[in-house]
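*Asks:* Please read through the structure below; I'll follow up with questions.
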Amino acid sequence: SSVIMLHIFAFRQVTGPIVKNELLLILVGIGTALLVNAYMPGMKKKILRIHTTIQHTMADILKELAAYIRDGRADWDGKEMLVLAEALKEASALAVMDSENRLRREHHPFLVYCESKKQQYELLERMLTAASRMDTGLEQGRRIGNFMLELAERVRAGEEIHTQAEKLRGIREYHKTLPMPTNRAEFENREALFTLVNELELFLQKDQTFHGFA
């Protein structure tokens, strides 16, 4: 209203065309506000939905990986990795779209979340490669498998997981106390296990949680 009054004051007169022009300005402002208000709740729902998909799919992947390492279960077809890749693409597009409608783009929480999940996806791929080089059912593998099962539940619930770093370090320290490998197979298993633990450690470090918008 103050802007409209300034416009009228600048013209120094009140005529029909001036009033009509100012009314149009009011209508444009109201229309824009209504469109933004209608758009934002829908965008937030999409973001929350894809966030749930990412968390649950990532948890499923960790569970399948743990089942292979711990129990030797090898019936997983890996489709969750494809689902996760597509979900991350959709999430990134939504994050960019939403950030463009906000003043503080560099602090967009979902954009930060998406970047961390992309990095974790790459780490999952490397973990799968390391696990494929290991014999299953090893005592060390069972310890890592149990850790990953616990981790999966935290991921599914959207909880912070970097707090589990100390527990992982404890497992690593235990592995250092084991006897040295006596043959090539044992050496290769130990090497693959060491790589897997390294990737898991990075996975914890890269984690970013998202609890919605303020």
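A note on labels: chains of the structure tokens are A, B, ... as shown, every chain counts residues from 1, and ligands are counted from 1 in their shown order.
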What's around Asp77 (chain A) at 12 Å? Count only C-alpha atoms, leave out sequence neighbours fewer than 5 positions away in its own chain, and write the answer as a count of residues only.
*Replies:* 6
*Asks:* Please list as a PyMOL selection string every residue within 8 Å of region 117-128 of chain A, counting only C-alpha atoms and excluding residues in the same chain fewer than 6 positions away.
*Replies:* chain A and resi 65+84-85+88+195-196+199-200+202-203+206-208
*Asks:* From the list A:Gly137, A:Val197, A:Leu168, A:Thr177, which residue is nearest Glu150 (chain A) when using only C-alpha atoms?
*Replies:*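 Comparing A:Gly137, A:Val197, A:Leu168, A:Thr177 against Glu150 (chain A), the winner is A:Leu168.
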*Asks:* Of the residues A:Phe147, A:Phe210, A:Trp76, A:Phe194, which is the one nearest to Val112 (chain A), using only C-alpha atoms?
*Replies:*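 The shortest atom-to-atom distance to Val112 (chain A) comes from A:Phe210.
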*Asks:* Between A:Thr136, A:Gln55, A:Thr129, A:Ser99, which has the minimum distance to Gly72 (chain A) (counting only C-alpha atoms)?
*Replies:*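 Looking at the shortest contact to Gly72 (chain A), the residue is A:Thr136.
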*Asks:* When you look at region 187-191 of chain A with a cut-off of 12 Å (counting only C-alpha atoms), what residues show up, excluding the ones that are within fewer than 2 positions of it in the same chain? I need them as a ChimeraX atom specification.
*Replies:* /A:69,130-141,172,175-176,178-185,193-198
*Asks:* Create the file for the chosen residues now, containing N, CA and C atoms and written as a PDB file, in the first residue's frame.
*Replies:*
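Output file selection.pdb is given in full below:
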```pdb
ATOM      1  N   ILE A  69      28.249 -60.702   3.586  1.00  0.00           N
ATOM      2  CA  ILE A  69      29.519 -60.800   4.323  1.00  0.00           C
ATOM      3  C   ILE A  69      29.410 -61.749   5.509  1.00  0.00           C
ATOM      4  N   ALA A 130      34.719 -54.464  -2.778  1.00  0.00           N
ATOM      5  CA  ALA A 130      35.586 -55.074  -1.761  1.00  0.00           C
ATOM      6  C   ALA A 130      34.980 -56.370  -1.235  1.00  0.00           C
ATOM      7  N   ALA A 131      33.659 -56.361  -0.983  1.00  0.00           N
ATOM      8  CA  ALA A 131      32.990 -57.551  -0.451  1.00  0.00           C
ATOM      9  C   ALA A 131      33.042 -58.709  -1.432  1.00  0.00           C
ATOM     10  N   SER A 132      32.988 -58.406  -2.715  1.00  0.00           N
ATOM     11  CA  SER A 132      33.005 -59.469  -3.737  1.00  0.00           C
ATOM     12  C   SER A 132      34.342 -60.206  -3.771  1.00  0.00           C
ATOM     13  N   ARG A 133      35.386 -59.607  -3.187  1.00  0.00           N
ATOM     14  CA  ARG A 133      36.713 -60.232  -3.171  1.00  0.00           C
ATOM     15  C   ARG A 133      36.956 -61.033  -1.893  1.00  0.00           C
ATOM     16  N   MET A 134      35.961 -61.037  -0.993  1.00  0.00           N
ATOM     17  CA  MET A 134      36.130 -61.717   0.294  1.00  0.00           C
ATOM     18  C   MET A 134      35.448 -63.071   0.309  1.00  0.00           C
ATOM     19  N   ASP A 135      36.004 -63.997   1.057  1.00  0.00           N
ATOM     20  CA  ASP A 135      35.272 -65.220   1.383  1.00  0.00           C
ATOM     21  C   ASP A 135      34.222 -64.848   2.429  1.00  0.00           C
ATOM     22  N   THR A 136      33.086 -65.516   2.373  1.00  0.00           N
ATOM     23  CA  THR A 136      32.005 -65.193   3.313  1.00  0.00           C
ATOM     24  C   THR A 136      32.083 -66.085   4.553  1.00  0.00           C
ATOM     25  N   GLY A 137      31.411 -65.626   5.607  1.00  0.00           N
ATOM     26  CA  GLY A 137      31.326 -66.419   6.825  1.00  0.00           C
ATOM     27  C   GLY A 137      32.545 -66.356   7.714  1.00  0.00           C
ATOM     28  N   LEU A 138      33.493 -65.485   7.395  1.00  0.00           N
ATOM     29  CA  LEU A 138      34.677 -65.334   8.241  1.00  0.00           C
ATOM     30  C   LEU A 138      34.301 -64.656   9.563  1.00  0.00           C
ATOM     31  N   GLU A 139      35.072 -64.938  10.597  1.00  0.00           N
ATOM     32  CA  GLU A 139      34.765 -64.352  11.906  1.00  0.00           C
ATOM     33  C   GLU A 139      34.834 -62.825  11.847  1.00  0.00           C
ATOM     34  N   GLN A 140      35.863 -62.298  11.144  1.00  0.00           N
ATOM     35  CA  GLN A 140      35.980 -60.850  11.009  1.00  0.00           C
ATOM     36  C   GLN A 140      34.809 -60.277  10.212  1.00  0.00           C
ATOM     37  N   GLY A 141      34.389 -61.027   9.201  1.00  0.00           N
ATOM     38  CA  GLY A 141      33.262 -60.603   8.381  1.00  0.00           C
ATOM     39  C   GLY A 141      31.968 -60.554   9.172  1.00  0.00           C
ATOM     40  N   ARG A 172      38.192 -52.348  14.111  1.00  0.00           N
ATOM     41  CA  ARG A 172      39.461 -52.288  13.397  1.00  0.00           C
ATOM     42  C   ARG A 172      40.635 -52.668  14.319  1.00  0.00           C
ATOM     43  N   HIS A 175      40.804 -56.363  14.869  1.00  0.00           N
ATOM     44  CA  HIS A 175      41.358 -57.073  13.713  1.00  0.00           C
ATOM     45  C   HIS A 175      42.884 -57.034  13.712  1.00  0.00           C
ATOM     46  N   LYS A 176      43.445 -55.953  14.260  1.00  0.00           N
ATOM     47  CA  LYS A 176      44.909 -55.831  14.313  1.00  0.00           C
ATOM     48  C   LYS A 176      45.538 -56.853  15.260  1.00  0.00           C
ATOM     49  N   LEU A 178      44.596 -59.966  15.490  1.00  0.00           N
ATOM     50  CA  LEU A 178      44.488 -61.326  14.949  1.00  0.00           C
ATOM     51  C   LEU A 178      45.827 -61.780  14.362  1.00  0.00           C
ATOM     52  N   PRO A 179      46.081 -63.093  14.319  1.00  0.00           N
ATOM     53  CA  PRO A 179      47.332 -63.614  13.744  1.00  0.00           C
ATOM     54  C   PRO A 179      47.505 -63.173  12.297  1.00  0.00           C
ATOM     55  N   MET A 180      48.702 -63.028  11.869  1.00  0.00           N
ATOM     56  CA  MET A 180      48.999 -62.638  10.488  1.00  0.00           C
ATOM     57  C   MET A 180      48.536 -63.735   9.521  1.00  0.00           C
ATOM     58  N   PRO A 181      48.129 -63.356   8.307  1.00  0.00           N
ATOM     59  CA  PRO A 181      47.730 -64.360   7.308  1.00  0.00           C
ATOM     60  C   PRO A 181      48.864 -65.351   7.031  1.00  0.00           C
ATOM     61  N   THR A 182      48.497 -66.595   6.823  1.00  0.00           N
ATOM     62  CA  THR A 182      49.514 -67.636   6.594  1.00  0.00           C
ATOM     63  C   THR A 182      49.562 -68.102   5.140  1.00  0.00           C
ATOM     64  N   ASN A 183      48.586 -67.664   4.325  1.00  0.00           N
ATOM     65  CA  ASN A 183      48.597 -68.054   2.913  1.00  0.00           C
ATOM     66  C   ASN A 183      47.978 -66.928   2.079  1.00  0.00           C
ATOM     67  N   ARG A 184      48.014 -67.106   0.777  1.00  0.00           N
ATOM     68  CA  ARG A 184      47.558 -66.066  -0.150  1.00  0.00           C
ATOM     69  C   ARG A 184      46.072 -65.747   0.040  1.00  0.00           C
ATOM     70  N   ALA A 185      45.239 -66.779   0.215  1.00  0.00           N
ATOM     71  CA  ALA A 185      43.797 -66.574   0.369  1.00  0.00           C
ATOM     72  C   ALA A 185      43.501 -65.732   1.608  1.00  0.00           C
ATOM     73  N   LEU A 193      38.961 -56.966   3.478  1.00  0.00           N
ATOM     74  CA  LEU A 193      38.295 -56.551   4.706  1.00  0.00           C
ATOM     75  C   LEU A 193      38.788 -55.171   5.143  1.00  0.00           C
ATOM     76  N   PHE A 194      40.087 -54.953   5.041  1.00  0.00           N
ATOM     77  CA  PHE A 194      40.676 -53.666   5.396  1.00  0.00           C
ATOM     78  C   PHE A 194      40.109 -52.555   4.504  1.00  0.00           C
ATOM     79  N   THR A 195      39.991 -52.843   3.213  1.00  0.00           N
ATOM     80  CA  THR A 195      39.421 -51.870   2.275  1.00  0.00           C
ATOM     81  C   THR A 195      37.967 -51.568   2.625  1.00  0.00           C
ATOM     82  N   LEU A 196      37.215 -52.605   2.931  1.00  0.00           N
ATOM     83  CA  LEU A 196      35.803 -52.437   3.281  1.00  0.00           C
ATOM     84  C   LEU A 196      35.635 -51.548   4.514  1.00  0.00           C
ATOM     85  N   VAL A 197      36.458 -51.779   5.528  1.00  0.00           N
ATOM     86  CA  VAL A 197      36.378 -50.975   6.751  1.00  0.00           C
ATOM     87  C   VAL A 197      36.742 -49.518   6.458  1.00  0.00           C
ATOM     88  N   ASN A 198      37.730 -49.307   5.596  1.00  0.00           N
ATOM     89  CA  ASN A 198      38.102 -47.942   5.211  1.00  0.00           C
ATOM     90  C   ASN A 198      36.938 -47.212   4.545  1.00  0.00           C
TER      91      ASN A 198
END
```
*Asks:* If you run DSSP on this backbone, which residues of region 46-182 of chain A come out as alpha helix (DSSP H), and could you give them as a PyMOL selection string?
*Replies:* chain A and resi 46-71+79-99+109-132+139-156+165-176
*Asks:* Could you check the closest approach to Glu159 (chain A) for each of A:Ile144, A:Ala59, A:Met81, A:Glu90 and tell me which residue wins, using only C-alpha atoms?
*Replies:* A:Ala59
*Asks:* Using only C-alpha atoms, which of the listed residues (A:Ala192, A:Met97, A:Ala157, A:Ala66) sits closest to Ile54 (chain A)?
*Replies:* A:Ala157
